[in-house]
Structure formats: C-alpha cells, structure tokens
>>> print(open('data_10.txt').read())   # compact mmCIF, C-alpha atoms
# COMPACT_ATOMS: atom_id res chain seq x y z
CA MET A 1 -25.35 56.98 19.50
CA SER A 2 -26.63 54.50 16.92
CA GLY A 3 -24.92 52.27 14.44
CA ASN A 4 -21.36 52.24 15.87
CA ALA A 5 -20.17 51.03 19.25
CA THR A 6 -19.08 53.73 21.70
CA ARG A 7 -16.17 54.04 24.12
CA PRO A 8 -16.58 55.09 27.77
CA ASN A 9 -15.81 58.73 26.97
CA GLY A 10 -18.72 58.84 24.56
CA THR A 11 -16.75 58.85 21.30
CA ARG A 12 -17.34 56.22 18.68
CA ALA A 13 -15.11 53.14 18.56
CA PHE A 14 -14.94 53.42 14.77
CA SER A 15 -15.75 56.96 13.69
CA PRO A 16 -16.88 57.88 10.16
CA PHE A 17 -13.52 59.64 9.70
CA GLU A 18 -11.62 56.42 10.46
CA TRP A 19 -13.82 54.45 8.06
CA MET A 20 -13.31 57.09 5.35
CA VAL A 21 -9.51 57.01 5.64
CA ALA A 22 -9.38 53.20 5.86
CA LEU A 23 -11.55 52.68 2.80
CA ARG A 24 -9.56 55.28 0.91
CA TYR A 25 -6.36 53.34 1.63
CA LEU A 26 -8.04 50.26 0.13
CA ARG A 27 -8.49 52.18 -3.13
CA ALA A 28 -4.82 52.74 -3.87
CA ARG A 29 -3.85 55.36 -6.41
CA ARG A 30 -1.86 54.54 -9.55
CA ARG A 31 1.56 55.04 -7.97
CA GLU A 32 0.52 52.71 -5.14
CA GLY A 33 -0.75 50.03 -7.50
CA PHE A 34 1.55 47.34 -6.10
CA ILE A 35 -0.07 47.66 -2.68
CA SER A 36 -3.49 47.36 -4.29
CA VAL A 37 -2.33 44.19 -6.07
CA ILE A 38 -1.21 42.66 -2.75
CA ALA A 39 -4.57 43.53 -1.20
CA GLY A 40 -6.32 41.92 -4.18
CA PHE A 41 -4.30 38.72 -3.88
CA SER A 42 -4.96 38.65 -0.14
CA PHE A 43 -8.68 38.93 -0.84
CA LEU A 44 -8.54 36.16 -3.47
CA GLY A 45 -6.48 33.97 -1.15
CA ILE A 46 -8.98 34.27 1.69
CA MET A 47 -11.94 33.75 -0.64
CA LEU A 48 -10.50 30.69 -2.40
CA GLY A 49 -9.19 29.23 0.84
CA VAL A 50 -12.55 29.45 2.58
CA ALA A 51 -14.44 28.21 -0.50
CA THR A 52 -12.06 25.28 -1.00
CA LEU A 53 -12.29 24.30 2.65
CA ILE A 54 -16.11 24.39 2.60
CA ILE A 55 -16.32 22.45 -0.68
CA VAL A 56 -13.85 19.72 0.31
CA MET A 57 -15.42 19.22 3.73
CA ALA A 58 -18.90 19.08 2.17
CA VAL A 59 -17.80 16.53 -0.45
CA MET A 60 -16.10 14.36 2.18
CA ASN A 61 -19.19 14.57 4.40
CA GLY A 62 -21.40 13.66 1.46
CA PHE A 63 -19.09 10.84 0.43
CA ARG A 64 -19.13 9.39 3.96
CA GLN A 65 -22.90 9.80 4.33
CA GLU A 66 -23.67 8.22 0.96
CA LEU A 67 -21.44 5.25 1.70
CA PHE A 68 -22.96 5.00 5.16
CA ASN A 69 -26.51 5.05 3.81
CA LYS A 70 -25.84 2.56 1.03
CA MET A 71 -23.85 0.15 3.18
CA LEU A 72 -26.36 0.18 5.99
CA GLY A 73 -29.26 0.33 3.58
CA LEU A 74 -28.29 -3.10 2.27
CA ASN A 75 -26.76 -4.58 5.41
CA GLY A 76 -28.25 -4.67 8.89
CA HIS A 77 -27.06 -2.41 11.68
CA VAL A 78 -26.71 -5.47 13.91
CA VAL A 79 -26.03 -9.03 12.74
CA VAL A 80 -27.20 -11.84 15.02
CA HIS A 81 -25.14 -15.04 14.79
CA SER A 82 -25.93 -18.42 16.30
CA LEU A 83 -23.49 -20.53 18.29
CA ASP A 84 -25.21 -23.52 16.69
CA PRO A 85 -23.88 -24.15 13.15
CA ASN A 86 -27.49 -24.75 12.12
CA PHE A 87 -29.35 -21.54 12.95
CA GLY A 88 -32.76 -23.09 13.58
CA ASN A 89 -35.78 -21.62 15.32
CA TYR A 90 -34.92 -18.34 13.60
CA ASP A 91 -38.51 -17.18 13.19
CA ALA A 92 -39.08 -17.27 16.96
CA ILE A 93 -35.80 -15.46 17.61
CA ALA A 94 -36.63 -12.86 14.93
CA ALA A 95 -40.05 -12.27 16.54
CA ASN A 96 -38.43 -11.72 19.95
CA VAL A 97 -35.85 -9.33 18.50
CA ARG A 98 -38.55 -7.34 16.68
CA GLY A 99 -40.20 -6.81 20.05
CA VAL A 100 -37.20 -4.80 21.32
CA HIS A 101 -38.02 -1.08 21.37
CA GLY A 102 -35.86 0.66 18.77
CA VAL A 103 -35.66 -2.32 16.39
CA LYS A 104 -37.19 -1.55 13.01
CA TYR A 105 -37.16 -5.07 11.58
CA ALA A 106 -35.22 -8.34 11.72
CA LEU A 107 -34.49 -10.25 8.50
CA PRO A 108 -33.59 -13.95 8.39
CA LEU A 109 -31.20 -14.53 5.52
CA ILE A 110 -28.84 -17.02 3.92
CA GLU A 111 -25.58 -15.89 2.34
CA GLY A 112 -23.35 -17.89 0.06
CA GLN A 113 -20.66 -17.38 -2.56
CA VAL A 114 -21.38 -18.72 -6.05
CA MET A 115 -19.95 -18.72 -9.53
CA VAL A 116 -22.40 -17.14 -11.97
CA SER A 117 -22.03 -18.00 -15.64
CA THR A 118 -23.70 -17.42 -18.97
CA PRO A 119 -22.71 -18.62 -22.44
CA SER A 120 -20.63 -15.45 -22.88
CA SER A 121 -19.20 -14.70 -19.43
CA SER A 122 -18.76 -15.79 -15.82
CA THR A 123 -17.96 -14.10 -12.51
CA GLY A 124 -18.24 -14.55 -8.76
CA ALA A 125 -21.20 -13.24 -6.78
CA LEU A 126 -22.71 -13.23 -3.31
CA VAL A 127 -26.19 -14.75 -3.07
CA ARG A 128 -28.45 -13.38 -0.34
CA GLY A 129 -31.58 -15.41 0.31
CA LEU A 130 -34.48 -13.31 1.65
CA ARG A 131 -38.23 -13.55 1.77
CA GLU A 132 -40.15 -11.25 -0.54
CA ALA A 133 -41.61 -9.20 2.34
CA ASP A 134 -38.15 -8.77 3.91
CA LEU A 135 -36.53 -7.84 0.61
CA LYS A 136 -39.16 -5.17 0.01
CA GLN A 137 -38.28 -3.68 3.41
CA LEU A 138 -34.75 -3.05 2.12
CA LYS A 139 -35.57 0.26 0.44
CA ALA A 140 -32.07 0.49 -1.01
CA VAL A 141 -33.10 -2.43 -3.25
CA SER A 142 -36.89 -2.34 -3.55
CA SER A 143 -36.94 1.41 -4.34
CA ASN A 144 -34.31 1.04 -7.07
CA ILE A 145 -35.70 -1.74 -9.26
CA ARG A 146 -34.83 -0.76 -12.84
CA PHE A 147 -36.36 -3.74 -14.67
CA GLY A 148 -38.86 -6.35 -13.57
CA THR A 149 -40.63 -6.52 -10.21
CA LEU A 150 -40.32 -8.11 -6.80
CA ASP A 151 -44.01 -8.97 -6.68
CA GLY A 152 -44.40 -12.72 -6.32
CA PHE A 153 -40.65 -13.07 -5.71
CA ASP A 154 -41.07 -16.01 -3.33
CA GLY A 155 -42.91 -18.14 -5.90
CA LYS A 156 -40.79 -17.36 -8.97
CA GLU A 157 -37.62 -19.32 -8.16
CA GLY A 158 -35.68 -16.58 -9.91
CA VAL A 159 -32.96 -14.14 -8.91
CA ALA A 160 -32.64 -10.37 -8.73
CA VAL A 161 -29.27 -9.00 -9.86
CA GLY A 162 -27.55 -5.61 -9.95
CA THR A 163 -27.20 -3.61 -13.14
CA ARG A 164 -23.42 -3.94 -13.30
CA LEU A 165 -23.56 -7.68 -12.72
CA ALA A 166 -26.15 -7.96 -15.51
CA ASN A 167 -23.87 -5.93 -17.80
CA ASP A 168 -20.83 -8.05 -16.90
CA LEU A 169 -22.78 -11.21 -17.71
CA ASN A 170 -24.37 -9.63 -20.80
CA VAL A 171 -27.88 -10.65 -19.73
CA LYS A 172 -31.23 -8.92 -19.50
CA LEU A 173 -34.57 -9.46 -17.80
CA GLY A 174 -35.87 -12.98 -18.45
CA ASP A 175 -32.48 -14.46 -19.39
CA GLN A 176 -31.14 -17.39 -17.40
CA VAL A 177 -27.90 -17.61 -15.46
CA THR A 178 -26.16 -20.71 -14.12
CA LEU A 179 -25.15 -20.76 -10.46
CA LEU A 180 -22.44 -23.10 -9.21
CA THR A 181 -21.56 -23.62 -5.55
CA PRO A 182 -19.28 -26.18 -3.89
CA ARG A 183 -21.78 -26.43 -1.01
CA GLY A 184 -24.01 -28.98 -2.69
CA ALA A 185 -25.42 -32.38 -1.76
CA SER A 186 -23.40 -34.77 0.38
CA THR A 187 -22.61 -38.10 -1.27
CA ALA A 188 -20.55 -41.16 -0.44
CA LEU A 189 -17.67 -39.58 -2.32
CA GLY A 190 -17.99 -36.26 -0.49
CA THR A 191 -19.82 -33.01 -1.16
CA ALA A 192 -20.71 -32.58 -4.79
CA PRO A 193 -20.90 -29.10 -6.33
CA ARG A 194 -24.42 -27.92 -7.10
CA VAL A 195 -25.27 -26.37 -10.46
CA LYS A 196 -28.66 -24.85 -11.25
CA ARG A 197 -30.13 -22.38 -13.72
CA TYR A 198 -32.29 -19.44 -12.64
CA PRO A 199 -34.16 -16.78 -14.63
CA ILE A 200 -33.55 -13.11 -13.90
CA VAL A 201 -36.81 -11.69 -12.53
CA ALA A 202 -35.55 -8.22 -11.47
CA ILE A 203 -32.60 -5.92 -12.05
CA PHE A 204 -31.78 -3.26 -9.42
CA GLU A 205 -29.32 -0.38 -9.18
CA ILE A 206 -28.31 0.68 -5.68
CA GLY A 207 -25.77 3.22 -6.96
CA MET A 208 -22.77 1.63 -5.25
CA SER A 209 -20.73 -0.21 -7.86
CA GLU A 210 -19.40 -2.85 -5.47
CA TYR A 211 -22.93 -3.98 -4.61
CA ASP A 212 -24.41 -3.59 -8.09
CA SER A 213 -21.68 -5.82 -9.54
CA SER A 214 -21.46 -8.60 -6.96
CA ILE A 215 -24.78 -9.21 -5.17
CA MET A 216 -27.86 -11.14 -6.22
CA PHE A 217 -31.01 -11.95 -4.27
CA MET A 218 -32.84 -15.27 -4.16
CA PRO A 219 -36.04 -16.32 -2.34
CA LEU A 220 -35.18 -17.63 1.13
CA ALA A 221 -36.83 -21.02 0.64
CA GLU A 222 -34.99 -21.56 -2.64
CA ALA A 223 -31.68 -20.45 -1.09
CA GLN A 224 -32.19 -22.99 1.71
CA ARG A 225 -32.64 -25.74 -0.87
CA TYR A 226 -29.78 -24.57 -3.05
CA PHE A 227 -27.25 -24.31 -0.20
CA SER A 228 -28.57 -27.48 1.51
CA LYS A 229 -29.65 -25.65 4.66
CA PRO A 230 -33.25 -26.76 5.19
CA ASP A 231 -35.07 -24.92 8.00
CA SER A 232 -31.90 -22.95 8.73
CA ILE A 233 -30.35 -19.57 7.97
CA THR A 234 -26.89 -18.03 8.05
CA VAL A 235 -27.55 -14.90 10.11
CA LEU A 236 -30.35 -12.65 11.30
CA GLU A 237 -29.86 -9.04 10.19
CA VAL A 238 -31.42 -6.41 12.44
CA VAL A 239 -32.17 -2.86 11.29
CA LEU A 240 -32.59 -0.21 13.99
CA ASP A 241 -34.54 3.05 14.00
CA SER A 242 -31.20 4.82 14.49
CA PRO A 243 -27.74 3.28 13.81
CA ASP A 244 -26.30 5.38 16.64
CA GLU A 245 -28.35 3.39 19.19
CA VAL A 246 -26.44 0.18 18.53
CA SER A 247 -24.51 0.35 21.81
CA ALA A 248 -27.66 0.70 23.89
CA LEU A 249 -29.73 -1.86 21.99
CA GLY A 250 -27.03 -4.52 21.57
CA PRO A 251 -27.45 -6.10 25.04
CA LYS A 252 -31.26 -6.03 24.68
CA ILE A 253 -31.04 -7.86 21.34
CA ILE A 254 -28.82 -10.53 22.87
CA GLU A 255 -31.26 -10.92 25.75
CA ALA A 256 -34.18 -11.26 23.33
CA GLY A 257 -32.31 -13.74 21.15
CA GLY A 258 -31.32 -16.01 24.00
CA SER A 259 -28.06 -17.48 25.23
CA SER A 260 -27.32 -19.26 21.94
CA VAL A 261 -26.70 -16.05 19.96
CA TYR A 262 -24.04 -13.38 19.75
CA ILE A 263 -23.95 -10.15 17.71
CA SER A 264 -21.69 -7.92 15.64
CA ASP A 265 -22.62 -4.38 14.61
CA TRP A 266 -21.88 -2.05 11.71
CA ARG A 267 -19.10 -0.27 13.61
CA GLN A 268 -17.12 -3.48 14.00
CA ARG A 269 -17.67 -4.62 10.42
CA ASN A 270 -16.77 -1.24 8.85
CA ALA A 271 -14.44 0.18 11.51
CA THR A 272 -11.31 0.33 9.33
CA PHE A 273 -13.12 1.92 6.41
CA PHE A 274 -14.90 4.68 8.33
CA THR A 275 -11.84 5.37 10.52
CA ALA A 276 -9.74 5.88 7.39
CA LEU A 277 -12.34 8.31 6.04
CA GLN A 278 -12.33 10.27 9.30
CA VAL A 279 -8.52 10.48 9.39
CA GLU A 280 -8.42 11.63 5.76
CA ARG A 281 -11.07 14.24 6.49
CA ASN A 282 -9.14 15.67 9.45
CA VAL A 283 -5.86 15.77 7.53
CA MET A 284 -7.52 17.53 4.59
CA PHE A 285 -8.97 20.11 6.96
CA LEU A 286 -5.52 20.87 8.40
CA ILE A 287 -3.86 21.06 4.98
CA LEU A 288 -6.50 23.35 3.50
CA THR A 289 -6.44 25.57 6.58
CA LEU A 290 -2.88 26.45 5.53
CA ILE A 291 -4.33 28.15 2.42
CA VAL A 292 -6.31 30.50 4.64
CA LEU A 293 -3.25 31.02 6.86
CA VAL A 294 -1.08 31.96 3.86
CA ALA A 295 -3.74 34.43 2.74
CA ALA A 296 -3.77 35.94 6.24
CA LEU A 297 0.01 36.34 6.05
CA ASN A 298 -0.49 38.19 2.77
CA ILE A 299 -2.70 40.63 4.66
CA ILE A 300 0.16 41.21 7.13
CA SER A 301 2.72 41.85 4.38
CA GLY A 302 0.34 44.11 2.48
CA LEU A 303 -0.50 46.17 5.56
CA ILE A 304 3.17 46.52 6.57
CA MET A 305 3.97 47.84 3.10
CA LEU A 306 0.97 50.17 3.32
CA VAL A 307 2.19 51.49 6.70
CA LYS A 308 5.64 52.18 5.25
CA ASP A 309 4.11 53.93 2.25
CA LYS A 310 1.70 55.98 4.37
CA GLY A 311 4.26 57.08 6.96
CA HIS A 312 3.94 60.73 5.90
CA ASP A 313 0.14 60.55 6.04
CA ILE A 314 0.23 58.99 9.48
CA ALA A 315 2.52 61.73 10.74
CA ILE A 316 0.17 64.42 9.43
CA LEU A 317 -2.84 62.70 11.01
CA ARG A 318 -1.02 62.59 14.35
CA THR A 319 -0.06 66.27 14.17
CA MET A 320 -3.71 67.11 13.39
CA GLY A 321 -4.80 65.44 16.63
CA ALA A 322 -5.42 61.81 15.71
CA THR A 323 -4.57 59.52 18.61
CA ARG A 324 -2.45 56.37 18.40
CA ALA A 325 -5.65 54.35 18.92
CA ALA A 326 -7.34 56.12 15.99
CA VAL A 327 -4.40 55.34 13.70
CA MET A 328 -4.46 51.72 14.85
CA ARG A 329 -8.18 51.48 14.17
CA ILE A 330 -7.76 52.93 10.66
CA PHE A 331 -5.31 50.22 9.64
CA PHE A 332 -7.28 47.59 11.54
CA ILE A 333 -10.35 48.44 9.44
CA THR A 334 -8.24 48.34 6.27
CA GLY A 335 -6.89 44.85 6.91
CA ALA A 336 -9.99 43.38 8.52
CA SER A 337 -12.14 44.55 5.60
CA ILE A 338 -10.06 42.42 3.22
CA GLY A 339 -10.40 39.37 5.45
CA ILE A 340 -14.10 39.76 6.27
CA VAL A 341 -15.22 40.49 2.70
CA GLY A 342 -12.98 37.70 1.39
CA THR A 343 -14.42 35.24 3.93
CA LEU A 344 -18.02 36.13 3.06
CA ALA A 345 -17.24 35.88 -0.66
CA GLY A 346 -15.62 32.49 -0.05
CA LEU A 347 -18.69 31.35 1.88
CA GLY A 348 -20.95 32.35 -1.01
CA LEU A 349 -18.71 30.68 -3.60
CA GLY A 350 -18.44 27.51 -1.52
CA VAL A 351 -22.19 27.22 -1.03
CA LEU A 352 -22.81 27.88 -4.72
CA VAL A 353 -20.37 25.16 -5.81
CA CYS A 354 -21.73 22.65 -3.26
CA LEU A 355 -25.29 23.16 -4.49
CA ASN A 356 -24.22 22.53 -8.09
CA ILE A 357 -21.34 20.07 -7.57
CA GLU A 358 -22.75 17.34 -9.83
CA LEU A 359 -23.45 19.78 -12.69
CA ILE A 360 -19.93 21.17 -12.36
CA ARG A 361 -18.46 17.65 -12.40
CA GLU A 362 -20.39 16.76 -15.54
CA PHE A 363 -19.40 20.03 -17.24
CA VAL A 364 -15.69 19.64 -16.43
CA GLY A 365 -15.80 16.01 -17.51
CA TRP A 366 -17.43 17.05 -20.78
CA ILE A 367 -14.86 19.80 -21.40
CA THR A 368 -11.86 17.57 -20.62
CA ASP A 369 -13.43 14.41 -22.09
CA THR A 370 -12.49 12.45 -18.96
CA GLU A 371 -14.38 10.63 -16.21
CA LEU A 372 -13.65 12.66 -13.08
CA PHE A 373 -15.50 10.42 -10.65
CA SER A 374 -15.21 6.80 -11.71
CA PRO A 375 -17.85 4.62 -9.98
CA GLU A 376 -15.49 1.64 -10.08
CA LEU A 377 -12.89 3.57 -8.09
CA TYR A 378 -15.06 5.62 -5.74
CA TYR A 379 -17.96 3.14 -5.30
CA LEU A 380 -20.63 5.83 -5.90
CA SER A 381 -22.17 6.83 -9.21
CA GLN A 382 -22.49 10.56 -8.36
CA LEU A 383 -20.31 13.11 -6.61
CA PRO A 384 -22.06 13.89 -3.30
CA ALA A 385 -21.80 17.10 -1.25
CA GLU A 386 -23.45 17.59 2.11
CA MET A 387 -22.78 20.83 3.99
CA ASP A 388 -22.73 20.69 7.77
CA THR A 389 -23.92 23.96 9.33
CA GLY A 390 -21.65 23.70 12.36
CA GLU A 391 -18.62 22.77 10.29
CA THR A 392 -19.22 25.58 7.79
CA ALA A 393 -19.64 28.06 10.64
CA SER A 394 -16.36 26.89 12.19
CA VAL A 395 -14.56 27.46 8.87
CA VAL A 396 -15.98 30.98 8.57
CA ILE A 397 -15.15 31.82 12.20
CA MET A 398 -11.60 30.47 11.79
CA ALA A 399 -11.05 32.59 8.68
CA LEU A 400 -12.44 35.70 10.38
CA VAL A 401 -10.27 35.17 13.46
CA LEU A 402 -7.13 34.66 11.36
CA SER A 403 -7.95 37.75 9.29
CA VAL A 404 -8.46 39.89 12.39
CA LEU A 405 -5.31 38.59 14.10
CA ALA A 406 -3.30 39.28 10.94
CA THR A 407 -4.17 42.99 11.14
CA LEU A 408 -3.14 43.53 14.78
CA TYR A 409 0.64 43.76 14.39
CA PRO A 410 0.69 46.08 11.31
CA SER A 411 -1.97 48.28 12.94
CA TRP A 412 0.00 48.44 16.20
CA ARG A 413 3.15 49.26 14.23
CA ALA A 414 1.36 52.12 12.46
CA SER A 415 0.14 53.51 15.79
CA ARG A 416 3.71 53.51 17.21
CA LEU A 417 5.13 55.51 14.30
CA ASP A 418 6.81 58.70 15.55
CA PRO A 419 5.38 61.63 13.53
CA VAL A 420 8.53 63.72 14.01
CA GLU A 421 10.78 60.98 12.62
CA ALA A 422 8.37 60.32 9.76
CA LEU A 423 8.26 63.97 8.68
CA ARG A 424 12.01 64.40 9.14
CA TYR A 425 12.89 61.74 6.58
CA GLU A 426 10.05 62.54 4.18
>>> encode(input="data_10.txt", output="structure tokens")
Amino acid sequence: MSGNATRPNGTRAFSPFEWMVALRYLRARRREGFISVIAGFSFLGIMLGVATLIIVMAVMNGFRQELFNKMLGLNGHVVVHSLDPNFGNYDAIAANVRGVHGVKYALPLIEGQVMVSTPSSSTGALVRGLREADLKQLKAVSSNIRFGTLDGFDGKEGVAVGTRLANDLNVKLGDQVTLLTPRGASTALGTAPRVKRYPIVAIFEIGMSEYDSSIMFMPLAEAQRYFSKPDSITVLEVVLDSPDEVSALGPKIIEAGGSSVYISDWRQRNATFFTALQVERNVMFLILTLIVLVAALNIISGLIMLVKDKGHDIAILRTMGATRAAVMRIFFITGASIGIVGTLAGLGLGVLVCLNIELIREFVGWITDTELFSPELYYLSQLPAEMDTGETASVVIMALVLSVLATLYPSWRASRLDPVEALRYE
C-alpha cells in the first residue's frame, strides 16, 4: 500500500471513499449554506489567528533585537569602574582587559552632562569623550556618519552630534555650539562653571531617537581638559565577542583589572527594560492564542451542526456497511482539513506580512495620513520584524493540535449515532 497509512488488518486508515465523502461535506449545497458559512469563518479564524500570532511575535522579537543591538552597539557589554575617584592608570588596565579571551575591545571614556546652546536653542546632552580609534570601533556610530568625518577627530577639538540633536539646535556641519558644565575649574570661591564653544565636525544617525537626540562625542584628551579630569577617565567600557558570555567573563575581567576595580554589565543596567519587554511578549502570546482557540471552537460548532444535518446520511452509510470508525474518520477529515489548511494559509500570510512589514507600515500611514510608528515614542525609526524559526514552528504546531483536538468530539458523536433512530425520525 502506498500513499495512505494502513491498519493492522491491511485496510487503509483513510480510504479514498472516506476522503471523497469528507471533502464533499466541505462543499455544502445551497440548502446547507449556513454550515458552509460556519466552515468558512472557522477557516478565516484559524488563518488570521495564526498570521496575527506570527506577525506580533516577529515584531516584538525584532523590536527587542533592534533595541538590544543599538543599546549595546553604543554602550559596552561590561562597564569597569574604579574604586578610586580618579581612574588613573587606565591604559594599563585596558591593555590587561583586552588580553582576556572573549574580549573584543576595551574603551577608556569620560562621560559628563552638559547644557548645549546655540543662538536659537538650548538643550541638555551627554558628552562621551573617546579617542578617535575607539570611536571608530563603535560601528553603531562610525558606520552611520551622515555628514562630516571622524578622520582626524583627535586633533580637531570638535564634537560629533546626532541628527536629532542637530535638528533641535538648528545647526549643521561646521556650526559652533556652546557647552556649559558646572564641573569646571576650582577657585577660591568654589567650582566655577565652564563654558566653551566647539565646532560640529560630524553628524551621525544611530536610528534610536533617544541616542540621536541626547549624545555627543568629544576627543578623549579634550574631554579630560573640559571636565577637569587630567590623566583620568570615568569608566572603561568593555565589548565582548558575545554579550551572552558576560557571566563567564566577568570574573576574568575583574582579575585582569586588579583589586581596585568592580564591574556592572548590560543585564544589570537594562534589566527592568528587557524584563518588561519579555513579560509583554509572553502576555501577548497568551492573548493572541485565544484567537486560535476561538476559531477551533468554531470548528466544533460547525461540525456538530454538520453531524445533526447529516444524520440521515450517516445512517445510510452505516446500513451500507460503514463502521463507526469510518464515520468518525470522515468527520475527522472534514474538521481537520479546515484547521490544517487554515493554519498553512495563516503561516503563508504571516511570513508575507513579516517580509514586507515596513512597506505595509508606510502604505497604511500614507493612506491614513498618520505616523503609525513614531520614533520619539518607540525609540526606533523603522518597524522591525524578526521571525524565529522555533517560535513560528511552535505557533503552527499549537494551531494544528488545537484544530485536531476540536474535531475529536464531533467526530466521536457522529460515530455513536444510532442508524435506526436516525432513519426513524427522518
């Protein structure tokens, strides 16, 4: 026997006759149109439920991954702090940390809050002082320079700003901005604020609005002078080959840095944010699973109505020699076909939408004349979608299992129908 599975007695598990009857029941005649409508809605429910689940999970995965990449692309996976307020000898410590297997690079940097002003506007910003070579290693910045260049950054005594910060200040490449910080020179009367003007030598666009509107880069040597921290840094940022290795490499980094340092990693600094994303993702999965469950219940109601309507046909089949198992298989095929085809259609629709999610967003935004994905609200400038093979497979398997389970009771009920009683009341 080929094609169909066989039972121990040699007969086919699903015979061509059973398939023929089951598929004929799916094509309801005019007087049975209501049953056909229920089957159609069940199919649409399964398809839309599976597609929605795949799309939402892919968008949430993409959203998390994009945020993860942009956050860790600008910030180190591990931040090394010094117990000494003046983090000196940082070059030696950085060299030791770079020698740890699994460390990609270690970047000495100075951070400080400033007030940035121009003749037309002013706002707060975070200055990050980095050497030119180290800044070029941050691909999130160096690969997204929109205007200007980082070449010769150390000798220019200028700043690199984000596109949104440049727009907020109404400045362009070559314009000067005034930086004010309370951490200036110490005098007999206390610490005097420091004010200095810098030209804009580069404008970058990371794609994350929070960073593009609030961060500027300055040469490390100039940042040390500006913040009055000669031969010192704020922290040492360490980038690993893999962020997931932070637990294993943390103790080795501390050992390489010496007893005067301690560390914090990306999980500690972003724990609340990524935990909230994970909780939201799990809740959305449970809520959207209910759509598939409701569609499966529609299959049950449709099959029960079909069994009631086909009582006379079932009785005739039984009197012609069809077994209870054959009747059960006929209605099982009828219901399972709706669920399986609907699931596969939902999979295709979900994949199609995920592959074209940004085009769809732009089209809907154009039609409705609204901004569906505001960068100021969602941090990212594009709507991301990243499908996970295992997750998509689990959605498809769940839908198939629910569809199959939904057919068992109506099929069993059809198989238990007494042909004598059915013909008596016909």
>>> atom_distance(input="data_10.txt", atom1="atom CA of A:Gly346", atom2="atom CA of A:Ile360")
17.3 Å
>>> closest_residue(input="data_10.txt", among="A:Ser228, A:Ser264, A:Ser337, A:Thr275", to="A:Thr181", atoms="all atoms listed in the file")
A:Ser228
>>> atom_distance(input="data_10.txt", atom1="atom CA of A:Lys229", atom2="atom CA of A:Gly129")
11.3 Å
>>> residues_around(input="data_10.txt", residues="A:Leu352", least_positions_apart="6", cutoff="12 Å", atoms="all atoms listed in the file", output="list in words")
Ala51, Thr52, Ile54, Ile55, Ala58, Ala345, Gly346, Glu358, Leu359, Ile360, Ala385 and Met387 of chain A
>>> closest_residue(input="data_10.txt", among="A:Leu220, A:Pro16, A:Arg24, A:Thr149", to="A:Thr234", atoms="only C-alpha atoms")
A:Leu220
>>> closest_residue(input="data_10.txt", among="A:Gly102, A:Val401, A:Ser42, A:Asn69", to="A:Ser242", atoms="only C-alpha atoms")
A:Gly102
>>> atom_distance(input="data_10.txt", atom1="atom CA of A:Gly207", atom2="atom CA of A:Leu74")
11.5 Å
>>> closest_residue(input="data_10.txt", among="A:Gly390, A:Gly339, A:Pro384, A:Pro219", to="A:Leu48", atoms="only C-alpha atoms")
A:Gly339
